[in-house]
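Visitor: query-v4.csv is the file, holding CSV, C-alpha atoms:
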```csv
chain,number,residue,atom,x,y,z
A,67,MET,CA,157.5,-146.2,-25.2
A,68,GLY,CA,160.0,-149.1,-25.1
A,69,THR,CA,160.9,-148.4,-28.7
A,70,ARG,CA,161.5,-144.8,-28.0
A,71,VAL,CA,163.8,-145.6,-25.0
A,72,LEU,CA,165.7,-148.2,-27.1
A,73,HIS,CA,166.1,-145.7,-29.9
A,74,ALA,CA,167.4,-143.0,-27.5
A,75,ARG,CA,170.0,-145.5,-26.1
A,76,ASP,CA,171.1,-146.4,-29.6
A,77,SER,CA,171.3,-142.8,-30.6
A,78,GLY,CA,173.3,-142.0,-27.5
A,79,THR,CA,175.7,-144.9,-28.2
A,80,LEU,CA,176.2,-143.6,-31.8
A,81,ARG,CA,176.9,-140.1,-30.6
A,82,ILE,CA,179.5,-141.4,-28.2
A,83,CYS,CA,181.1,-143.4,-31.0
A,84,ASP,CA,181.2,-140.3,-33.2
A,85,VAL,CA,182.9,-138.2,-30.6
A,86,THR,CA,185.3,-141.0,-29.7
A,87,VAL,CA,186.4,-141.4,-33.3
A,88,LEU,CA,187.1,-137.6,-33.5
A,89,PHE,CA,188.9,-137.7,-30.2
A,90,ARG,CA,191.2,-140.6,-31.3
A,91,LEU,CA,192.1,-138.8,-34.5
A,92,ALA,CA,193.0,-135.7,-32.4
A,93,CYS,CA,195.0,-137.3,-29.7
A,94,GLY,CA,196.3,-140.5,-31.2
A,95,ARG,CA,198.7,-140.2,-34.1
A,96,VAL,CA,199.1,-136.5,-33.5
A,97,GLN,CA,200.8,-137.2,-30.2
A,98,ILE,CA,203.4,-139.4,-31.9
A,99,CYS,CA,203.9,-136.7,-34.5
A,100,LEU,CA,204.5,-134.0,-31.9
A,101,VAL,CA,207.1,-136.1,-30.1
A,102,VAL,CA,209.0,-137.6,-33.0
A,103,PHE,CA,209.4,-134.7,-35.5
A,104,PRO,CA,210.7,-132.1,-33.0
A,105,VAL,CA,213.9,-134.1,-32.5
A,106,SER,CA,214.9,-133.6,-36.1
A,107,ALA,CA,213.1,-130.3,-36.6
A,108,SER,CA,215.0,-128.6,-33.8
A,109,ARG,CA,218.3,-129.4,-35.6
A,110,SER,CA,217.2,-128.6,-39.1
A,111,CYS,CA,217.2,-125.4,-41.2
A,112,PRO,CA,214.0,-123.4,-41.7
A,113,GLY,CA,212.0,-124.7,-44.7
A,114,SER,CA,213.6,-128.2,-44.5
A,115,PRO,CA,211.3,-131.3,-44.8
A,116,ALA,CA,211.6,-131.9,-41.1
A,117,VAL,CA,210.4,-128.4,-40.2
A,118,ARG,CA,207.5,-128.6,-42.7
A,119,ALA,CA,206.5,-132.0,-41.2
A,120,ASP,CA,206.7,-130.4,-37.8
A,121,SER,CA,204.3,-127.7,-39.0
A,122,ARG,CA,201.9,-130.2,-40.3
A,123,CYS,CA,201.8,-131.9,-36.9
A,124,PHE,CA,200.6,-128.7,-35.3
A,125,CYS,CA,198.1,-128.1,-38.1
A,126,ALA,CA,196.7,-131.5,-37.6
A,127,PHE,CA,196.3,-130.9,-33.8
A,128,GLY,CA,194.7,-127.5,-34.3
A,129,PHE,CA,192.3,-129.0,-36.9
A,130,LEU,CA,191.4,-132.3,-35.4
A,131,GLY,CA,191.4,-131.1,-31.8
A,132,ALA,CA,188.4,-128.9,-32.2
A,133,LEU,CA,186.1,-131.4,-34.0
A,134,PRO,CA,184.9,-133.2,-30.9
A,135,ILE,CA,184.4,-129.8,-29.2
A,136,VAL,CA,182.2,-128.6,-32.1
A,137,TYR,CA,180.3,-131.9,-32.2
A,138,SER,CA,179.5,-131.9,-28.5
A,139,THR,CA,178.6,-128.2,-28.4
A,140,LEU,CA,176.0,-128.6,-31.1
A,141,LEU,CA,175.0,-132.1,-30.1
A,142,CYS,CA,171.2,-131.4,-30.2
A,143,TYR,CA,171.3,-129.4,-33.5
A,144,PRO,CA,172.3,-131.9,-36.2
A,145,PHE,CA,171.9,-129.5,-39.2
A,146,THR,CA,173.8,-126.7,-37.5
A,147,ARG,CA,176.4,-129.1,-36.3
A,148,SER,CA,177.1,-130.5,-39.8
A,149,ALA,CA,177.3,-126.9,-41.2
A,150,ALA,CA,179.6,-125.8,-38.5
A,151,LEU,CA,181.9,-128.8,-39.0
A,152,LEU,CA,182.0,-128.1,-42.7
A,153,ILE,CA,182.9,-124.4,-42.2
A,154,TYR,CA,185.6,-125.4,-39.7
A,155,ILE,CA,187.1,-127.9,-42.1
A,156,VAL,CA,187.2,-125.2,-44.8
A,157,LEU,CA,188.8,-122.7,-42.4
A,158,SER,CA,191.3,-125.3,-41.2
A,159,SER,CA,192.3,-126.3,-44.7
A,160,TYR,CA,193.1,-122.6,-45.5
A,161,ALA,CA,195.0,-122.3,-42.2
A,162,ILE,CA,197.0,-125.5,-42.9
A,163,TYR,CA,197.9,-124.2,-46.4
A,164,SER,CA,198.9,-120.7,-45.0
A,165,ALA,CA,200.9,-122.2,-42.2
A,166,ILE,CA,202.9,-124.6,-44.4
A,167,THR,CA,203.6,-121.9,-47.0
A,168,ALA,CA,204.4,-119.2,-44.4
A,169,ARG,CA,207.9,-117.7,-44.7
A,170,ASN,CA,208.3,-117.0,-41.0
A,171,ASN,CA,207.0,-118.0,-37.6
A,172,VAL,CA,204.9,-114.9,-37.1
A,173,ARG,CA,202.9,-115.5,-40.3
A,174,ARG,CA,202.7,-119.1,-39.4
A,175,LEU,CA,201.1,-118.3,-36.0
A,176,ARG,CA,198.8,-115.7,-37.6
A,177,SER,CA,197.5,-118.4,-40.0
A,178,PHE,CA,195.5,-119.9,-37.2
A,179,ALA,CA,193.7,-116.7,-36.2
A,180,TRP,CA,190.4,-117.4,-37.9
A,181,GLN,CA,190.5,-121.0,-36.8
A,182,ALA,CA,191.1,-120.0,-33.2
A,183,LEU,CA,188.3,-117.4,-33.3
A,184,PHE,CA,185.9,-119.9,-34.7
A,185,ARG,CA,186.8,-122.3,-31.9
A,186,PHE,CA,186.5,-119.6,-29.3
A,187,SER,CA,183.0,-118.8,-30.4
A,188,PHE,CA,182.0,-122.3,-29.3
A,189,PHE,CA,183.5,-121.6,-25.9
A,190,LEU,CA,181.3,-118.6,-25.7
A,191,LEU,CA,178.3,-120.7,-26.6
A,192,ARG,CA,179.1,-123.0,-23.7
A,193,TRP,CA,179.8,-120.3,-21.3
A,194,ALA,CA,176.4,-118.6,-22.1
A,195,GLY,CA,174.6,-121.9,-21.7
A,196,VAL,CA,173.4,-122.0,-25.3
A,197,GLY,CA,175.6,-124.9,-26.5
A,198,GLY,CA,175.9,-128.3,-25.1
A,199,GLY,CA,178.8,-130.1,-23.4
A,200,SER,CA,179.9,-130.9,-19.9
A,201,PRO,CA,180.0,-127.9,-17.5
A,202,THR,CA,183.5,-129.0,-16.3
A,203,SER,CA,185.0,-129.3,-19.8
A,204,LEU,CA,185.1,-125.7,-20.7
A,205,ARG,CA,188.0,-124.9,-18.3
A,206,HIS,CA,190.0,-127.7,-19.8
A,207,PHE,CA,189.5,-126.4,-23.3
A,208,LEU,CA,190.4,-122.9,-22.3
A,209,THR,CA,193.6,-124.1,-20.6
A,210,MET,CA,194.3,-126.2,-23.8
A,211,ASP,CA,194.2,-123.1,-26.0
A,212,THR,CA,196.1,-120.9,-23.5
A,213,LEU,CA,199.0,-123.4,-23.4
A,214,ALA,CA,199.0,-123.7,-27.2
A,215,LEU,CA,199.0,-119.9,-27.7
A,216,LEU,CA,201.8,-119.5,-25.0
A,217,GLY,CA,203.9,-122.1,-26.8
A,218,GLY,CA,203.4,-120.3,-30.1
A,219,VAL,CA,204.4,-116.9,-28.6
A,220,ILE,CA,207.5,-118.4,-27.0
A,221,ASN,CA,208.5,-120.0,-30.3
A,222,ILE,CA,208.3,-116.9,-32.4
A,223,THR,CA,209.9,-114.7,-29.7
A,224,ARG,CA,212.8,-117.1,-29.4
A,225,ILE,CA,212.9,-117.1,-25.6
A,226,PRO,CA,215.3,-117.9,-23.9
A,227,GLU,CA,217.9,-118.3,-26.6
A,228,ARG,CA,217.6,-114.7,-27.8
A,229,PHE,CA,219.2,-113.6,-24.4
A,230,ARG,CA,222.0,-116.2,-24.5
A,231,PRO,CA,222.8,-117.2,-28.1
A,232,GLY,CA,224.4,-120.6,-28.3
A,233,LEU,CA,223.6,-121.7,-24.8
A,234,PHE,CA,220.2,-123.3,-25.7
A,235,ASP,CA,221.1,-124.8,-29.1
A,236,TYR,CA,220.4,-128.4,-28.0
A,237,TRP,CA,218.3,-128.2,-24.8
A,238,CYS,CA,215.6,-125.9,-23.3
A,239,ASN,CA,215.3,-123.8,-26.4
A,240,SER,CA,212.0,-122.1,-27.4
A,241,HIS,CA,211.1,-124.8,-29.9
A,242,GLN,CA,211.4,-127.5,-27.3
A,243,ILE,CA,209.5,-125.5,-24.7
A,244,MET,CA,206.7,-125.0,-27.3
A,245,HIS,CA,206.4,-128.7,-27.8
A,246,VAL,CA,206.2,-129.4,-24.1
A,247,LEU,CA,203.4,-126.9,-23.7
A,248,VAL,CA,201.6,-128.3,-26.7
A,249,VAL,CA,201.8,-131.8,-25.2
A,250,GLY,CA,200.3,-130.3,-22.1
A,251,SER,CA,197.6,-128.8,-24.3
A,252,ILE,CA,196.8,-132.2,-25.6
A,253,LEU,CA,196.4,-133.6,-22.1
A,254,TYR,CA,193.8,-130.8,-21.4
A,255,LEU,CA,192.0,-131.7,-24.6
A,256,HIS,CA,191.9,-135.3,-23.5
A,257,TRP,CA,190.4,-134.4,-20.1
A,258,GLY,CA,187.9,-132.1,-21.6
A,259,VAL,CA,186.7,-134.6,-24.2
A,260,LEU,CA,186.4,-137.3,-21.5
A,261,ASP,CA,184.1,-135.0,-19.5
A,262,ASP,CA,182.0,-134.4,-22.7
A,263,LEU,CA,181.8,-138.2,-23.3
A,264,LEU,CA,180.5,-138.7,-19.8
A,265,TRP,CA,178.0,-135.9,-20.3
A,266,ILE,CA,176.8,-137.3,-23.6
A,267,ASN,CA,176.2,-140.7,-22.0
A,268,SER,CA,173.8,-139.2,-19.5
A,269,TYR,CA,172.2,-136.3,-21.5
A,270,HIS,CA,169.2,-136.6,-23.7
A,271,CYS,CA,168.3,-133.9,-26.2
A,272,PRO,CA,164.8,-132.4,-25.7
A,273,LEU,CA,162.2,-133.8,-28.0
A,274,ASP,CA,160.7,-131.4,-30.5
```
Could you quickly redo this structure as structure tokens?

Guide:
Amino acid sequence: MGTRVLHARDSGTLRICDVTVLFRLACGRVQICLVVFPVSASRSCPGSPAVRADSRCFCAFGFLGALPIVYSTLLCYPFTRSAALLIYIVLSSYAIYSAITARNNVRRLRSFAWQALFRFSFFLLRWAGVGGGSPTSLRHFLTMDTLALLGGVINITRIPERFRPGLFDYWCNSHQIMHVLVVGSILYLHWGVLDDLLWINSYHCPLD
């Protein structure tokens, strides 16, 4: 009995470490990327290296941000979890390629459609009570994706500069508003993953 309890504790510690590593990847260097590159990208021509680097930042956030969500949702199903992570990596790789090679912002936003639908399916699993995860983290993740989507829509519709050309060239343009919303999205990812980490620390998967 003591060995089983010790094994459960070790397993729980390893799971927390796994999610923490994924979380650090999603919210660590990506934050720096999202803050540094917009300064040069907002003053660069479409297709320039700065704009391509800016796109890669968002691709990295969209890709890495969902990994801890998938892991926590399928915590008690190791095989399904591994398969889901592999499928998501493949979808994300295609989305990254499509976004970087897209010729306009509309196509770039549409590149993430399958990736977003895959992530949303895990939100449905949590809402239905089938998947794992903290009961309080789902609202954070939904807010995260809502802010990211809103930022993307504002960026491709060029609001507010389309109504007053030249007035928002340096400040408060759509690109800068998008980045502010995405930084807010990262904060909600942070809060959601923290809730999941606390849940993992106290949850034990049922024994078969």

Visitor: Check the smallest atom-to-atom distance from each of A:Tyr160, A:Phe145, A:Tyr137, A:Trp257 to Met210 (chain A) using only C-alpha atoms, then report the winner.

Guide: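 That would be A:Trp257, the residue with the smallest distance to Met210 (chain A).
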
Visitor: Compare A:Arg173, A:His206, A:Arg230, A:Arg185 by their minimum atom-to-atom distance to Gly258 (chain A), counting all atoms listed in the file, and give me the closest one.

Guide: A:His206

Visitor: Looking at all atoms listed in the file, which of A:Leu264, A:Leu208, A:Leu213, A:Val219 is the one that sits closest to Gly250 (chain A)?

Guide: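 Once distances to Gly250 (chain A) are computed over all atoms listed in the file, the minimum belongs to A:Leu213.
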
Visitor: Using only C-alpha atoms, which of the listed residues (A:Ser177, A:Thr202, A:Ser158, A:Thr212) sits closest to Leu133 (chain A)?

Guide: A:Ser158

Visitor: Tell me, in Å to one decimal, how far CA of Ser187 (chain A) is from CA of Tyr254 (chain A).

Guide: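 Value for the CA of Ser187 (chain A)-CA of Tyr254 (chain A) distance: 18.5 Å.
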